[in-house]
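Working notes for the structure below.
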Amino acid sequence: MFTSWFQVPLSAALLFVGMLLATEVGFRLGKRHKRAQVNTSPDEATGTGIVDAAIFGLLGLLLAFEFGRTGSRLDLRRQLAVREANAIGTAWLRLEMLPAEPRDKLQRQIRQYTDHRIHIWELLPDIEAALAEHAAADRLQGEIWTTAVAGCKTEETSTAMLLLPALNEMIDLSTAIRTATQTHVSALILTLLTSVALICSLLAGLSMSANERRRALHAVLFASATAITVYVILDMDHPRGGLIQVGAADEALLAVRRGMGRVTGK
């Protein structure tokens, strides 16, 4: 959705300002309407109240629905990060079944691969630098697989049956993590949410026009609550750049890397 996390607070700020402007427009339209029509029937007021309640309910439903979906995506990203750490750790342990020469080479490659995977998350929200690390990690995947297959040819079948699936899961999880990272709030849903929020602000302004003076505090509170909720939704959707982080899940991969020791060669 966003090419940079820094667009997230900007979007929330623009929504806040837009809702205040929509409230003011609604207030002025309401005042103009009341001057043109002095008498308003009870049936008309009741009918508009039902419409207002329905649209405000729709806004609440959209916010709740998207908040839940984004929270689920955040949990999935955390789970995948832990699963990747476990897969790399398992593959590392199973290298002990190989002879010294292919084992040492694979250990160097997996150390380098793990370093690239860690650097991807450290570089975010710098998208270009993170993609460069992704490319380097993808190249190492091919080298790791080629080395492992060659090393297993001279060993028992059980060695290949244990090592290769572990490496395969490690590689598959990197693809799953990339897909989950690139999955964000739909542009259509975000546009709908913004549109309904602005319509609700307009209706709020129309309702406030029944009073002689503006209810500025109410308008600010309504716009603030909605904009902050949208900000949290978008921040959860970009957990590597904002206030909400994957944090503890990343520690699992760092712990696995610490257990591998230092890179001693290329």
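Ligands are numbered from 1 in the order shown, residues from 1 within each chain, and chains are lettered A, B, ... in the order they appear in the structure tokens.
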
Exercise for the section: Do a neighbour search on Leu253 (chain A) at 10 Å with only C-alpha atoms, toss out local chain neighbours closer than 5 positions, and write the hits as a ChimeraX atom specification. Expected result: /A:81-89,114-115,117-118,248,258-259

I need the chosen residues saved as a PDB file, in the first residue's frame, with N, CA and C atoms.
ATOM      1  N   ALA A  81       7.876 -15.271  11.729  1.00  0.00           N
ATOM      2  CA  ALA A  81       9.247 -14.942  12.138  1.00  0.00           C
ATOM      3  C   ALA A  81       9.798 -16.000  13.093  1.00  0.00           C
ATOM      4  N   VAL A  82       8.971 -16.457  14.029  1.00  0.00           N
ATOM      5  CA  VAL A  82       9.401 -17.503  14.966  1.00  0.00           C
ATOM      6  C   VAL A  82       9.595 -18.829  14.230  1.00  0.00           C
ATOM      7  N   ARG A  83       8.688 -19.144  13.315  1.00  0.00           N
ATOM      8  CA  ARG A  83       8.823 -20.385  12.554  1.00  0.00           C
ATOM      9  C   ARG A  83      10.093 -20.382  11.712  1.00  0.00           C
ATOM     10  N   GLU A  84      10.443 -19.251  11.122  1.00  0.00           N
ATOM     11  CA  GLU A  84      11.671 -19.184  10.333  1.00  0.00           C
ATOM     12  C   GLU A  84      12.890 -19.404  11.218  1.00  0.00           C
ATOM     13  N   ALA A  85      12.891 -18.799  12.396  1.00  0.00           N
ATOM     14  CA  ALA A  85      14.008 -18.997  13.321  1.00  0.00           C
ATOM     15  C   ALA A  85      14.136 -20.475  13.696  1.00  0.00           C
ATOM     16  N   ASN A  86      13.002 -21.120  13.966  1.00  0.00           N
ATOM     17  CA  ASN A  86      13.030 -22.543  14.306  1.00  0.00           C
ATOM     18  C   ASN A  86      13.519 -23.391  13.138  1.00  0.00           C
ATOM     19  N   ALA A  87      13.090 -23.036  11.910  1.00  0.00           N
ATOM     20  CA  ALA A  87      13.504 -23.808  10.731  1.00  0.00           C
ATOM     21  C   ALA A  87      15.006 -23.673  10.490  1.00  0.00           C
ATOM     22  N   ILE A  88      15.522 -22.463  10.625  1.00  0.00           N
ATOM     23  CA  ILE A  88      16.967 -22.266  10.435  1.00  0.00           C
ATOM     24  C   ILE A  88      17.735 -23.002  11.522  1.00  0.00           C
ATOM     25  N   GLY A  89      17.242 -22.928  12.763  1.00  0.00           N
ATOM     26  CA  GLY A  89      17.914 -23.636  13.857  1.00  0.00           C
ATOM     27  C   GLY A  89      17.907 -25.142  13.655  1.00  0.00           C
ATOM     28  N   THR A 114      21.572 -16.241   7.348  1.00  0.00           N
ATOM     29  CA  THR A 114      20.892 -15.725   8.538  1.00  0.00           C
ATOM     30  C   THR A 114      21.212 -14.252   8.749  1.00  0.00           C
ATOM     31  N   ASP A 115      22.457 -13.863   8.498  1.00  0.00           N
ATOM     32  CA  ASP A 115      22.834 -12.452   8.607  1.00  0.00           C
ATOM     33  C   ASP A 115      22.011 -11.597   7.650  1.00  0.00           C
ATOM     34  N   ARG A 117      19.030 -12.311   6.456  1.00  0.00           N
ATOM     35  CA  ARG A 117      17.648 -12.282   6.916  1.00  0.00           C
ATOM     36  C   ARG A 117      17.470 -11.283   8.067  1.00  0.00           C
ATOM     37  N   ILE A 118      18.454 -11.208   8.951  1.00  0.00           N
ATOM     38  CA  ILE A 118      18.391 -10.255  10.059  1.00  0.00           C
ATOM     39  C   ILE A 118      18.507  -8.825   9.535  1.00  0.00           C
ATOM     40  N   ALA A 248       9.853  -9.101  19.811  1.00  0.00           N
ATOM     41  CA  ALA A 248      10.176 -10.359  20.484  1.00  0.00           C
ATOM     42  C   ALA A 248      10.356 -11.499  19.495  1.00  0.00           C
ATOM     43  N   ARG A 258      23.221 -16.141  17.163  1.00  0.00           N
ATOM     44  CA  ARG A 258      24.272 -16.130  18.190  1.00  0.00           C
ATOM     45  C   ARG A 258      24.791 -17.531  18.474  1.00  0.00           C
ATOM     46  N   GLY A 259      23.906 -18.528  18.349  1.00  0.00           N
ATOM     47  CA  GLY A 259      24.327 -19.899  18.578  1.00  0.00           C
ATOM     48  C   GLY A 259      25.182 -20.483  17.479  1.00  0.00           C
TER      49      GLY A 259
END

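One finds CA of Arg73 (chain A) at 23.8 Å from CA of Asn168 (chain A).
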
I'd like the contact shell of Glu96 (chain A) - 10 Å cut-off, only C-alpha atoms, skipping same-chain residues fewer than 6 positions apart - returned as a PDB file with C-alpha atoms, in the first residue's frame.
ATOM      1  CA  ARG A 103      29.168 -29.408   6.568  1.00  0.00           C
ATOM      2  CA  ASP A 104      31.701 -26.591   7.008  1.00  0.00           C
ATOM      3  CA  GLN A 107      27.612 -23.730   7.959  1.00  0.00           C
ATOM      4  CA  THR A 159      20.531 -38.002   5.971  1.00  0.00           C
ATOM      5  CA  LEU A 163      18.340 -32.414   6.113  1.00  0.00           C
TER       6      LEU A 163
END

Exercise for the section: Measure the distance from CA of His134 (chain A) to CA of Ala160 (chain A) in Å and round it to one decimal. Expected result: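 Atom-to-atom, CA of His134 (chain A) and CA of Ala160 (chain A) are spaced 26.8 Å apart.
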
Handout entry: 12 Å contact set for Leu59 (chain A), only C-alpha atoms, chain neighbours under 3 positions out, as a ChimeraX atom specification
Key = /A:52-56,62-66,189-190,192-201,222,226,229-230

Exercise for the section: Compare A:Leu123, A:Cys152, A:Ala137, A:Ala210 by their minimum atom-to-atom distance to Glu101 (chain A), counting only C-alpha atoms, and give me the closest one. Expected result: A:Cys152

Practice task
Choose the residue, out of A:Leu164, A:Leu203, A:Val8, A:Leu131, that has the smallest atom-to-atom separation from Arg28 (chain A); count only C-alpha atoms.
Solution key: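 Distance minimum relative to Arg28 (chain A) lands on A:Leu203.
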
Problem - Exercise: Ala135 (chain A) partners within 12 Å, only C-alpha atoms, chain neighbours under 4 positions left out, as number ranges by chain - result: A: 113, 116-117, 119-120, 128-131, 139-142, 174-175, 178

Write out, as a PDB file, in the first residue's frame, the residues just selected, with N, CA and C atoms.
ATOM      1  N   TYR A 113      23.499 -16.474   5.297  1.00  0.00           N
ATOM      2  CA  TYR A 113      22.074 -16.360   4.970  1.00  0.00           C
ATOM      3  C   TYR A 113      21.297 -15.761   6.148  1.00  0.00           C
ATOM      4  N   HIS A 116      21.831 -12.078   6.425  1.00  0.00           N
ATOM      5  CA  HIS A 116      21.030 -11.332   5.447  1.00  0.00           C
ATOM      6  C   HIS A 116      19.573 -11.221   5.915  1.00  0.00           C
ATOM      7  N   ARG A 117      19.030 -12.311   6.456  1.00  0.00           N
ATOM      8  CA  ARG A 117      17.648 -12.282   6.916  1.00  0.00           C
ATOM      9  C   ARG A 117      17.470 -11.283   8.067  1.00  0.00           C
ATOM     10  N   HIS A 119      19.423  -8.618   8.583  1.00  0.00           N
ATOM     11  CA  HIS A 119      19.656  -7.268   8.056  1.00  0.00           C
ATOM     12  C   HIS A 119      18.434  -6.728   7.320  1.00  0.00           C
ATOM     13  N   ILE A 120      17.650  -7.611   6.727  1.00  0.00           N
ATOM     14  CA  ILE A 120      16.436  -7.161   6.028  1.00  0.00           C
ATOM     15  C   ILE A 120      15.547  -6.366   6.977  1.00  0.00           C
ATOM     16  N   GLU A 128      14.385   0.020  -0.432  1.00  0.00           N
ATOM     17  CA  GLU A 128      15.380  -0.358  -1.450  1.00  0.00           C
ATOM     18  C   GLU A 128      16.505  -1.189  -0.837  1.00  0.00           C
ATOM     19  N   ALA A 129      17.016  -0.759   0.316  1.00  0.00           N
ATOM     20  CA  ALA A 129      18.094  -1.509   0.967  1.00  0.00           C
ATOM     21  C   ALA A 129      17.607  -2.894   1.408  1.00  0.00           C
ATOM     22  N   ALA A 130      16.374  -2.960   1.899  1.00  0.00           N
ATOM     23  CA  ALA A 130      15.827  -4.251   2.320  1.00  0.00           C
ATOM     24  C   ALA A 130      15.651  -5.192   1.133  1.00  0.00           C
ATOM     25  N   LEU A 131      15.222  -4.663  -0.014  1.00  0.00           N
ATOM     26  CA  LEU A 131      15.078  -5.500  -1.214  1.00  0.00           C
ATOM     27  C   LEU A 131      16.423  -6.015  -1.696  1.00  0.00           C
ATOM     28  N   ARG A 139      19.841 -15.453  -3.481  1.00  0.00           N
ATOM     29  CA  ARG A 139      20.980 -16.097  -4.167  1.00  0.00           C
ATOM     30  C   ARG A 139      21.621 -17.162  -3.281  1.00  0.00           C
ATOM     31  N   LEU A 140      21.721 -16.876  -2.006  1.00  0.00           N
ATOM     32  CA  LEU A 140      22.310 -17.850  -1.084  1.00  0.00           C
ATOM     33  C   LEU A 140      21.439 -19.090  -0.937  1.00  0.00           C
ATOM     34  N   GLN A 141      20.130 -18.937  -1.070  1.00  0.00           N
ATOM     35  CA  GLN A 141      19.251 -20.101  -0.992  1.00  0.00           C
ATOM     36  C   GLN A 141      19.625 -21.137  -2.035  1.00  0.00           C
ATOM     37  N   GLY A 142      19.849 -20.674  -3.263  1.00  0.00           N
ATOM     38  CA  GLY A 142      20.249 -21.593  -4.333  1.00  0.00           C
ATOM     39  C   GLY A 142      21.577 -22.249  -4.042  1.00  0.00           C
ATOM     40  N   SER A 174      10.796 -18.109   3.944  1.00  0.00           N
ATOM     41  CA  SER A 174      11.238 -16.778   3.518  1.00  0.00           C
ATOM     42  C   SER A 174      10.265 -16.193   2.499  1.00  0.00           C
ATOM     43  N   THR A 175       9.722 -17.054   1.636  1.00  0.00           N
ATOM     44  CA  THR A 175       8.723 -16.594   0.668  1.00  0.00           C
ATOM     45  C   THR A 175       7.419 -16.212   1.362  1.00  0.00           C
ATOM     46  N   ARG A 178       7.898 -12.876   3.098  1.00  0.00           N
ATOM     47  CA  ARG A 178       7.893 -11.755   2.154  1.00  0.00           C
ATOM     48  C   ARG A 178       6.470 -11.426   1.725  1.00  0.00           C
TER      49      ARG A 178
END

Exercise for the section: Identify which of the residues A:Ala204, A:Gly151, A:Ala252, A:Thr181 lies closest to Arg77 (chain A), counting only C-alpha atoms when measuring atom-to-atom distances. Expected result: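 The closest residue to Arg77 (chain A) is A:Thr181.
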
Handout entry: Between CA of Thr70 (chain A) and CA of Ile233 (chain A), distance in Å (one decimal)
Key =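 Spanning CA of Thr70 (chain A) to CA of Ile233 (chain A) is a straight-line distance of 6.4 Å.
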
Exercise for the section: Pick out the residues sitting within 12 Å of Ala176 (chain A), and hand them over as a count of residues only; count only C-alpha atoms, and ignore anything fewer than 3 positions along from it in its own chain. Expected result: 18
